[in-house]
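S.K.: upload_11.txt (compact mmCIF, C-alpha atoms) pasted underneath:
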# COMPACT_ATOMS: atom_id res chain seq x y z
CA MET P 1 -10.99 12.40 13.75
CA ASN P 2 -11.87 13.29 10.18
CA ILE P 3 -9.40 12.23 7.49
CA ARG P 4 -10.07 13.80 4.12
CA PRO P 5 -8.21 14.82 0.95
CA ALA P 6 -6.01 17.85 1.55
CA THR P 7 -6.62 21.01 -0.44
CA GLU P 8 -4.70 24.15 -1.27
CA SER P 9 -6.20 25.79 1.81
CA ASP P 10 -4.46 23.22 4.03
CA ARG P 11 -0.97 24.28 2.97
CA ASP P 12 -0.33 26.50 6.00
CA SER P 13 -1.56 23.83 8.40
CA ILE P 14 0.46 21.15 6.68
CA TRP P 15 3.61 23.22 6.66
CA ARG P 16 3.24 23.72 10.43
CA ILE P 17 3.28 19.91 10.70
CA LEU P 18 6.11 19.29 8.24
CA GLU P 19 8.49 22.00 9.41
CA PRO P 20 9.52 20.69 12.85
CA THR P 21 9.84 17.12 11.58
CA ILE P 22 11.97 18.19 8.63
CA ARG P 23 14.09 20.51 10.81
CA ALA P 24 14.70 17.69 13.31
CA GLY P 25 15.90 15.42 10.50
CA GLU P 26 15.48 12.26 12.54
CA THR P 27 12.78 10.36 10.68
CA TYR P 28 12.82 11.26 6.97
CA PRO P 29 15.68 11.55 4.45
CA ILE P 30 14.70 15.13 3.65
CA PRO P 31 17.21 18.00 3.80
CA ARG P 32 16.81 19.61 7.22
CA ASP P 33 17.01 23.09 5.73
CA MET P 34 14.44 22.47 2.99
CA PRO P 35 12.40 25.68 2.60
CA ARG P 36 8.65 25.76 2.88
CA ASP P 37 7.88 25.92 -0.85
CA ALA P 38 10.15 23.00 -1.70
CA ALA P 39 8.78 20.94 1.18
CA LEU P 40 5.18 21.55 0.17
CA ALA P 41 6.05 20.86 -3.49
CA TYR P 42 7.55 17.53 -2.39
CA TRP P 43 4.63 16.61 -0.12
CA PHE P 44 2.12 17.56 -2.85
CA SER P 45 4.15 16.10 -5.74
CA ALA P 46 2.37 14.97 -8.86
CA HIS P 47 2.09 11.30 -7.94
CA HIS P 48 1.12 11.94 -4.31
CA GLU P 49 -2.45 11.90 -3.09
CA VAL P 50 -2.40 13.99 0.10
CA PHE P 51 -4.71 13.71 3.09
CA ALA P 52 -5.32 15.80 6.19
CA ALA P 53 -6.39 14.43 9.57
CA GLU P 54 -8.34 16.95 11.57
CA ARG P 55 -10.06 17.04 14.91
CA ASP P 56 -12.33 19.92 15.93
CA GLY P 57 -11.32 21.70 12.72
CA GLU P 58 -7.59 21.58 13.46
CA VAL P 59 -5.29 19.67 11.11
CA LEU P 60 -3.18 17.44 13.36
CA GLY P 61 -1.68 15.10 10.80
CA THR P 62 -1.08 14.59 7.10
CA TYR P 63 -0.08 11.75 4.87
CA TYR P 64 0.52 11.07 1.21
CA MET P 65 -0.15 7.94 -0.79
CA ARG P 66 1.53 7.06 -4.08
CA PRO P 67 2.50 4.04 -6.13
CA ASN P 68 5.86 2.92 -4.75
CA GLN P 69 7.16 2.23 -8.27
CA PRO P 70 5.77 3.15 -11.68
CA ALA P 71 4.49 0.72 -14.30
CA GLY P 72 5.08 -2.91 -13.27
CA GLY P 73 5.46 -1.86 -9.63
CA ALA P 74 2.46 0.47 -9.45
CA HIS P 75 0.22 -2.02 -7.62
CA VAL P 76 2.22 -1.50 -4.40
CA ALA P 77 1.38 1.63 -2.45
CA ASN P 78 3.74 3.76 -0.42
CA CYS P 79 2.78 6.34 2.19
CA GLY P 80 4.48 8.95 4.34
CA TYR P 81 2.84 10.23 7.52
CA MET P 82 3.54 13.20 9.75
CA THR P 83 1.79 14.20 12.96
CA ALA P 84 1.82 17.64 14.58
CA LEU P 85 4.47 17.67 17.31
CA HIS P 86 2.02 18.88 19.94
CA ALA P 87 -0.40 16.08 19.10
CA THR P 88 1.83 13.00 19.22
CA GLY P 89 0.73 10.05 21.32
CA ARG P 90 -2.95 10.65 20.63
CA GLY P 91 -3.51 7.97 18.01
CA ILE P 92 -3.33 10.27 15.01
CA ALA P 93 -0.62 8.36 13.17
CA ARG P 94 -2.43 5.09 13.81
CA ALA P 95 -5.68 6.55 12.50
CA MET P 96 -3.91 7.83 9.39
CA CYS P 97 -2.19 4.50 8.77
CA LEU P 98 -5.43 2.54 9.11
CA ASP P 99 -7.18 5.06 6.88
CA SER P 100 -4.43 4.70 4.27
CA LEU P 101 -4.77 0.92 4.28
CA VAL P 102 -8.51 1.21 3.64
CA ARG P 103 -7.99 3.73 0.86
CA ALA P 104 -5.16 1.71 -0.68
CA ARG P 105 -7.36 -1.39 -0.86
CA ALA P 106 -10.18 0.69 -2.34
CA ARG P 107 -7.82 1.98 -5.03
CA GLY P 108 -6.83 -1.56 -5.96
CA PHE P 109 -3.34 -1.57 -4.47
CA ARG P 110 -2.29 -5.13 -3.62
CA ALA P 111 0.28 -4.25 -0.96
CA MET P 112 1.84 -1.34 0.90
CA GLN P 113 5.57 -0.87 1.34
CA PHE P 114 7.59 1.51 3.50
CA ASN P 115 11.08 1.85 2.04
CA PHE P 116 12.93 3.69 4.74
CA VAL P 117 11.68 3.48 8.33
CA ILE P 118 14.50 4.75 10.53
CA ALA P 119 15.47 2.10 13.07
CA THR P 120 15.77 4.65 15.89
CA ASN P 121 12.14 5.63 15.33
CA HIS P 122 10.88 2.95 17.72
CA ARG P 123 7.43 4.42 18.06
CA ALA P 124 6.84 4.27 14.30
CA MET P 125 8.23 0.74 14.00
CA ALA P 126 5.96 -0.55 16.75
CA LEU P 127 2.99 1.34 15.36
CA TRP P 128 3.40 0.04 11.81
CA GLN P 129 3.84 -3.49 13.11
CA SER P 130 0.65 -3.15 15.15
CA CYS P 131 -1.08 -2.02 11.93
CA GLY P 132 -0.05 -5.25 10.18
CA PHE P 133 3.30 -4.40 8.63
CA GLU P 134 6.22 -6.75 8.89
CA ILE P 135 9.89 -5.90 8.72
CA LEU P 136 11.29 -7.44 5.54
CA CYS P 137 14.87 -6.32 6.06
CA ARG P 138 17.23 -3.83 7.64
CA LEU P 139 19.35 -1.59 5.40
CA PRO P 140 22.63 -1.44 7.31
CA GLY P 141 23.69 2.08 8.24
CA ALA P 142 21.50 3.52 5.51
CA PHE P 143 20.48 6.67 7.39
CA GLN P 144 22.74 9.30 8.86
CA HIS P 145 20.93 10.40 12.01
CA PRO P 146 21.78 13.93 13.18
CA THR P 147 22.81 12.74 16.66
CA GLU P 148 23.03 8.92 16.48
CA GLY P 149 25.29 8.70 13.41
CA TYR P 150 24.74 5.93 10.86
CA VAL P 151 21.71 3.87 11.82
CA ASP P 152 19.76 1.18 9.99
CA ALA P 153 16.62 1.81 8.00
CA LEU P 154 13.90 -0.81 7.61
CA VAL P 155 11.87 -2.01 4.68
CA MET P 156 8.35 -2.79 5.93
CA PHE P 157 5.61 -4.44 3.92
CA GLN P 158 2.01 -5.53 4.11
CA THR P 159 0.00 -7.48 1.58
CA LEU P 160 -3.51 -6.01 1.27
CA MET T 161 36.10 -1.89 -22.68
CA ASN T 162 36.14 1.83 -22.00
CA ILE T 163 33.64 3.13 -19.46
CA ARG T 164 33.31 6.91 -19.41
CA PRO T 165 30.81 9.63 -18.58
CA ALA T 166 28.05 9.79 -21.18
CA THR T 167 27.52 12.98 -23.13
CA GLU T 168 24.76 14.50 -25.20
CA SER T 169 26.26 12.84 -28.28
CA ASP T 170 25.58 9.41 -26.76
CA ARG T 171 21.84 9.90 -26.66
CA ASP T 172 21.15 7.97 -29.89
CA SER T 173 23.37 5.09 -28.81
CA ILE T 174 21.84 5.01 -25.36
CA TRP T 175 18.31 5.06 -26.69
CA ARG T 176 19.13 2.04 -28.89
CA ILE T 177 20.10 0.25 -25.66
CA LEU T 178 17.18 1.45 -23.55
CA GLU T 179 14.41 0.93 -26.10
CA PRO T 180 14.29 -2.89 -26.34
CA THR T 181 14.68 -3.31 -22.59
CA ILE T 182 11.90 -0.82 -21.85
CA ARG T 183 9.63 -2.32 -24.53
CA ALA T 184 10.16 -5.83 -23.12
CA GLY T 185 9.15 -4.58 -19.64
CA GLU T 186 10.66 -7.57 -17.87
CA THR T 187 13.43 -6.02 -15.78
CA TYR T 188 12.58 -2.42 -14.89
CA PRO T 189 9.39 -0.82 -13.54
CA ILE T 190 9.29 1.60 -16.48
CA PRO T 191 6.19 2.02 -18.67
CA ARG T 192 6.69 -0.23 -21.70
CA ASP T 193 5.39 2.45 -24.05
CA MET T 194 7.57 5.25 -22.66
CA PRO T 195 8.64 7.41 -25.61
CA ARG T 196 12.26 8.14 -26.43
CA ASP T 197 12.37 11.67 -24.99
CA ALA T 198 10.81 10.65 -21.67
CA ALA T 199 13.09 7.63 -21.39
CA LEU T 200 16.21 9.69 -22.02
CA ALA T 201 14.98 12.39 -19.64
CA TYR T 202 14.56 9.69 -16.98
CA TRP T 203 17.95 8.06 -17.66
CA PHE T 204 19.67 11.47 -17.64
CA SER T 205 17.64 12.89 -14.73
CA ALA T 206 19.12 15.63 -12.61
CA HIS T 207 20.46 13.40 -9.86
CA HIS T 208 21.80 10.73 -12.22
CA GLU T 209 25.41 10.54 -13.29
CA VAL T 210 25.34 8.57 -16.56
CA PHE T 211 28.10 6.41 -18.03
CA ALA T 212 28.63 4.71 -21.37
CA ALA T 213 30.54 1.45 -21.86
CA GLU T 214 32.09 1.20 -25.29
CA ARG T 215 34.22 -1.27 -27.15
CA ASP T 216 35.80 -0.39 -30.49
CA GLY T 217 33.91 2.90 -30.46
CA GLU T 218 30.49 1.25 -30.10
CA VAL T 219 28.41 1.97 -26.99
CA LEU T 220 27.31 -1.46 -25.72
CA GLY T 221 26.08 -0.55 -22.27
CA THR T 222 25.05 2.33 -20.06
CA TYR T 223 24.43 2.89 -16.40
CA TYR T 224 23.46 5.66 -14.04
CA MET T 225 24.57 6.31 -10.49
CA ARG T 226 22.68 8.42 -7.99
CA PRO T 227 22.19 8.74 -4.24
CA ASN T 228 19.49 6.23 -3.35
CA GLN T 229 17.87 8.70 -0.95
CA PRO T 230 18.43 12.44 -0.44
CA ALA T 231 19.86 14.07 2.68
CA GLY T 232 20.37 11.54 5.49
CA GLY T 233 20.32 8.67 2.99
CA ALA T 234 22.62 10.22 0.37
CA HIS T 235 25.67 8.17 1.38
CA VAL T 236 24.14 5.05 -0.20
CA ALA T 237 24.45 4.82 -3.98
CA ASN T 238 21.98 3.31 -6.39
CA CYS T 239 22.66 2.31 -9.98
CA GLY T 240 20.71 1.05 -12.98
CA TYR T 241 22.45 -0.81 -15.80
CA MET T 242 21.38 -1.73 -19.32
CA THR T 243 23.32 -3.68 -21.93
CA ALA T 244 22.67 -3.70 -25.68
CA LEU T 245 20.56 -6.75 -26.52
CA HIS T 246 23.00 -7.95 -29.17
CA ALA T 247 25.90 -7.76 -26.71
CA THR T 248 24.57 -9.68 -23.71
CA GLY T 249 26.68 -12.46 -22.24
CA ARG T 250 29.93 -10.69 -23.02
CA GLY T 251 30.74 -9.32 -19.60
CA ILE T 252 29.53 -5.80 -20.21
CA ALA T 253 27.12 -5.65 -17.27
CA ARG T 254 29.78 -7.09 -14.98
CA ALA T 255 32.32 -4.52 -16.18
CA MET T 256 29.81 -1.72 -15.60
CA CYS T 257 28.92 -2.96 -12.13
CA LEU T 258 32.55 -3.25 -11.08
CA ASP T 259 33.22 0.20 -12.55
CA SER T 260 30.29 1.64 -10.63
CA LEU T 261 31.58 0.17 -7.36
CA VAL T 262 34.97 1.80 -7.92
CA ARG T 263 33.40 5.14 -8.79
CA ALA T 264 30.97 4.95 -5.86
CA ARG T 265 33.81 4.38 -3.41
CA ALA T 266 35.76 7.25 -5.00
CA ARG T 267 32.75 9.56 -4.54
CA GLY T 268 32.55 8.67 -0.87
CA PHE T 269 29.46 6.48 -0.98
CA ARG T 270 29.47 4.02 1.91
CA ALA T 271 27.22 1.40 0.34
CA MET T 272 25.29 0.56 -2.81
CA GLN T 273 21.68 -0.58 -2.84
CA PHE T 274 19.50 -2.01 -5.59
CA ASN T 275 15.86 -1.48 -4.68
CA PHE T 276 14.04 -3.58 -7.23
CA VAL T 277 15.87 -6.49 -8.87
CA ILE T 278 13.20 -8.62 -10.53
CA ALA T 279 13.34 -12.18 -9.21
CA THR T 280 12.85 -13.68 -12.67
CA ASN T 281 15.99 -11.88 -13.86
CA HIS T 282 18.22 -14.75 -12.79
CA ARG T 283 21.20 -13.57 -14.77
CA ALA T 284 21.23 -10.20 -13.03
CA MET T 285 20.72 -11.72 -9.57
CA ALA T 286 23.66 -14.09 -10.05
CA LEU T 287 25.80 -11.35 -11.52
CA TRP T 288 25.17 -8.87 -8.73
CA GLN T 289 25.86 -11.56 -6.15
CA SER T 290 29.13 -12.39 -7.87
CA CYS T 291 29.99 -8.68 -7.66
CA GLY T 292 29.53 -8.72 -3.88
CA PHE T 293 25.87 -7.85 -3.39
CA GLU T 294 23.73 -9.78 -1.00
CA ILE T 295 19.98 -10.20 -1.10
CA LEU T 296 18.54 -8.39 1.92
CA CYS T 297 14.92 -9.30 1.25
CA ARG T 298 12.28 -10.25 -1.28
CA LEU T 299 9.35 -7.91 -1.87
CA PRO T 300 6.48 -10.37 -2.35
CA GLY T 301 4.73 -10.02 -5.69
CA ALA T 302 6.02 -6.47 -6.06
CA PHE T 303 6.51 -6.59 -9.84
CA GLN T 304 3.92 -7.37 -12.47
CA HIS T 305 5.84 -9.23 -15.14
CA PRO T 306 4.33 -9.03 -18.64
CA THR T 307 4.20 -12.83 -19.01
CA GLU T 308 4.93 -14.30 -15.55
CA GLY T 309 2.34 -12.27 -13.60
CA TYR T 310 3.16 -11.00 -10.11
CA VAL T 311 6.72 -11.93 -9.21
CA ASP T 312 8.98 -10.93 -6.34
CA ALA T 313 11.52 -8.13 -6.48
CA LEU T 314 14.71 -8.17 -4.43
CA VAL T 315 16.48 -5.58 -2.35
CA MET T 316 20.24 -6.11 -2.80
CA PHE T 317 22.95 -4.32 -0.87
CA GLN T 318 26.69 -4.03 -0.57
CA THR T 319 28.72 -2.09 1.99
CA LEU T 320 31.64 -0.34 0.28
Rewrite the structure of this file - the entire thing - as structure tokens.
M.R.:
Amino acid sequence: MNIRPATESDRDSIWRILEPTIRAGETYPIPRDMPRDAALAYWFSAHHEVFAAERDGEVLGTYYMRPNQPAGGAHVANCGYMTALHATGRGIARAMCLDSLVRARARGFRAMQFNFVIATNHRAMALWQSCGFEILCRLPGAFQHPTEGYVDALVMFQTL
Amino acid sequence: MNIRPATESDRDSIWRILEPTIRAGETYPIPRDMPRDAALAYWFSAHHEVFAAERDGEVLGTYYMRPNQPAGGAHVANCGYMTALHATGRGIARAMCLDSLVRARARGFRAMQFNFVIATNHRAMALWQSCGFEILCRLPGAFQHPTEGYVDALVMFQTL
């Protein structure tokens, strides 16, 4: 697994990862019908540093890192991770999360916060906890899941 | 107290309210040196609905309301409030908060969340609690206060 900064030439690969996750609408508060250009503009937004996780030359995952708040809150990092649907369960998200923690420390971030982990996303919750995150609180009914209705979202946090 | 949608003609009044709070840097994660145009662009950003609280024709407070998250999280409102420095302690923030709760319910929001209430801002914490918000969690050391160093920020929440 090689995790490296993403470049313009990764846009097709990254869109192939983002599209099914966005269309499913179960794990991120992103409009399910968001078109490719808007999705890539969001993923590559100005304050995001974007990475690609590849194995044997194939991009199987991507994540962004950004300050969770500007100014007085800019010492806390935030990340979003997506793994290719056909590659789930192979440790790619874990590798990206651990990589992001290393990079966040190297950049001087003092903590990492996830603002909106969907409570039905059990795999992600368990994975982030195994990577050192703790659940600070549940946001009651804060996410409208396409099939489960209103479900909680979690704030997760780790001091670096 | 008359609380109404803000218009272009309120920009001078609103900047007089924003400027000292931004320059102090004690209550919002906004760059302390943010210039007027950037601050007004932020306050009036595309997804913000902005209000002005006036008494005897003078704008003494302003707040914005927005969905706290897009898409599946858009049923939870978020607001930011600022009161003119010379008018604090006169119930203006309370009036704006109560007004925002009424408007949020009318717009169909199901809850209101504050993501980043600075723990040293005791007046705000007590006020929001008296308006029905509860503290869901503390974000440890998440805000760098200009004189107090790293202090906690609070996630506060109210179901509507």
S.K.: Could you work out an axis-aligned bounding box for all listed atoms of region 281-289 of chain T, with 6 Å added on each of the six sides, and give its centre and edge lengths in Å to one decimal, as AutoDock Vina command-line options?
M.R.:
--center_x 20.9 --center_y -11.8 --center_z -10.5 --size_x 21.9 --size_y 17.9 --size_z 20.6
S.K.: Could you please select, counting all atoms listed in the file, the residues of chain P within 6 Å of chain T and state them as a ChimeraX atom specification?
M.R.: /P:29-31,70-73,136-137,142-144
S.K.: Do you have the CA of Ala166 (chain T)-CA of Phe269 (chain T) distance handy?
M.R.: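 Straight-line distance from CA of Ala166 (chain T) to CA of Phe269 (chain T) works out to 20.5 Å.
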S.K.: Which polymer residues, protein or nucleic acid, are no farther than 7 Å from (-8.7, 13.0, 14.0), counting all atoms listed in the file, as a list in words?
M.R.: Met1, Asn2, Ile3, Ala53, Glu54, Arg55 and Ile92 of chain P
S.K.: CA of Ala286 (chain T) and CA of Arg254 (chain T) are how many Å apart?
M.R.: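 Taking CA of Ala286 (chain T) and CA of Arg254 (chain T), their separation equals 10.5 Å.
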S.K.: Could you write region 265-291 of chain T as a short mmCIF file (atom, residue, chain, number, x, y, z; two decimals), keeping the file's coordinate frame, with N, CA, C and O atoms rebuilt where they are missing?
M.R.:
data_model
loop_
_atom_site.label_atom_id
_atom_site.label_comp_id
_atom_site.auth_asym_id
_atom_site.auth_seq_id
_atom_site.Cartn_x
_atom_site.Cartn_y
_atom_site.Cartn_z
N ARG T 265 32.85 4.22 -4.52
CA ARG T 265 33.81 4.38 -3.41
C ARG T 265 34.56 5.70 -3.54
O ARG T 265 34.73 6.43 -2.57
N ALA T 266 34.98 6.02 -4.78
CA ALA T 266 35.76 7.25 -5.00
C ALA T 266 34.93 8.49 -4.65
O ALA T 266 35.47 9.52 -4.23
N ARG T 267 33.62 8.41 -4.84
CA ARG T 267 32.75 9.56 -4.54
C ARG T 267 32.37 9.61 -3.07
O ARG T 267 31.63 10.50 -2.65
N GLY T 268 32.82 8.64 -2.30
CA GLY T 268 32.55 8.67 -0.87
C GLY T 268 31.29 7.95 -0.44
O GLY T 268 30.92 8.00 0.74
N PHE T 269 30.62 7.29 -1.39
CA PHE T 269 29.46 6.48 -0.98
C PHE T 269 29.92 5.37 -0.05
O PHE T 269 31.00 4.80 -0.23
N ARG T 270 29.12 5.05 0.93
CA ARG T 270 29.47 4.02 1.91
C ARG T 270 28.82 2.67 1.61
O ARG T 270 29.17 1.66 2.24
N ALA T 271 27.90 2.65 0.68
CA ALA T 271 27.22 1.40 0.34
C ALA T 271 26.54 1.60 -1.00
O ALA T 271 26.42 2.73 -1.50
N MET T 272 26.11 0.48 -1.60
CA MET T 272 25.29 0.56 -2.81
C MET T 272 24.08 -0.36 -2.62
O MET T 272 24.20 -1.47 -2.09
N GLN T 273 22.93 0.16 -3.01
CA GLN T 273 21.68 -0.58 -2.84
C GLN T 273 20.94 -0.67 -4.16
O GLN T 273 20.84 0.32 -4.88
N PHE T 274 20.44 -1.86 -4.48
CA PHE T 274 19.50 -2.01 -5.59
C PHE T 274 18.13 -2.25 -4.95
O PHE T 274 17.97 -3.13 -4.10
N ASN T 275 17.16 -1.45 -5.35
CA ASN T 275 15.86 -1.48 -4.68
C ASN T 275 14.88 -2.48 -5.27
O ASN T 275 13.90 -2.83 -4.61
N PHE T 276 15.15 -2.92 -6.52
CA PHE T 276 14.04 -3.58 -7.23
C PHE T 276 14.60 -4.49 -8.32
O PHE T 276 14.34 -4.29 -9.51
N VAL T 277 15.35 -5.51 -7.91
CA VAL T 277 15.87 -6.49 -8.87
C VAL T 277 14.78 -7.55 -9.06
O VAL T 277 14.36 -8.19 -8.10
N ILE T 278 14.32 -7.72 -10.28
CA ILE T 278 13.20 -8.62 -10.53
C ILE T 278 13.67 -10.07 -10.38
O ILE T 278 14.68 -10.48 -10.95
N ALA T 279 12.90 -10.84 -9.60
CA ALA T 279 13.34 -12.18 -9.21
C ALA T 279 13.42 -13.15 -10.39
O ALA T 279 14.09 -14.17 -10.30
N THR T 280 12.74 -12.82 -11.49
CA THR T 280 12.85 -13.68 -12.67
C THR T 280 14.11 -13.36 -13.49
O THR T 280 14.43 -14.08 -14.43
N ASN T 281 14.79 -12.30 -13.12
CA ASN T 281 15.99 -11.88 -13.86
C ASN T 281 17.21 -12.60 -13.24
O ASN T 281 18.06 -12.00 -12.60
N HIS T 282 17.24 -13.91 -13.47
CA HIS T 282 18.22 -14.75 -12.79
C HIS T 282 19.65 -14.35 -13.13
O HIS T 282 20.55 -14.39 -12.29
N ARG T 283 19.85 -13.96 -14.37
CA ARG T 283 21.20 -13.57 -14.77
C ARG T 283 21.70 -12.39 -13.95
O ARG T 283 22.83 -12.38 -13.45
N ALA T 284 20.83 -11.38 -13.80
CA ALA T 284 21.23 -10.20 -13.03
C ALA T 284 21.47 -10.56 -11.56
O ALA T 284 22.48 -10.16 -10.98
N MET T 285 20.56 -11.35 -10.98
CA MET T 285 20.72 -11.72 -9.57
C MET T 285 22.07 -12.41 -9.34
O MET T 285 22.78 -12.10 -8.38
N ALA T 286 22.40 -13.36 -10.21
CA ALA T 286 23.66 -14.09 -10.05
C ALA T 286 24.85 -13.16 -10.26
O ALA T 286 25.85 -13.22 -9.53
N LEU T 287 24.70 -12.27 -11.23
CA LEU T 287 25.80 -11.35 -11.52
C LEU T 287 26.04 -10.40 -10.35
O LEU T 287 27.18 -10.21 -9.93
N TRP T 288 24.97 -9.82 -9.83
CA TRP T 288 25.17 -8.87 -8.73
C TRP T 288 25.74 -9.60 -7.51
O TRP T 288 26.60 -9.07 -6.81
N GLN T 289 25.29 -10.81 -7.28
CA GLN T 289 25.86 -11.56 -6.15
C GLN T 289 27.34 -11.81 -6.37
O GLN T 289 28.15 -11.69 -5.45
N SER T 290 27.71 -12.13 -7.61
CA SER T 290 29.13 -12.39 -7.87
C SER T 290 29.96 -11.11 -7.77
O SER T 290 31.18 -11.17 -7.64
N CYS T 291 29.29 -9.96 -7.83
CA CYS T 291 29.99 -8.68 -7.66
C CYS T 291 29.95 -8.21 -6.20
O CYS T 291 30.36 -7.09 -5.91
#
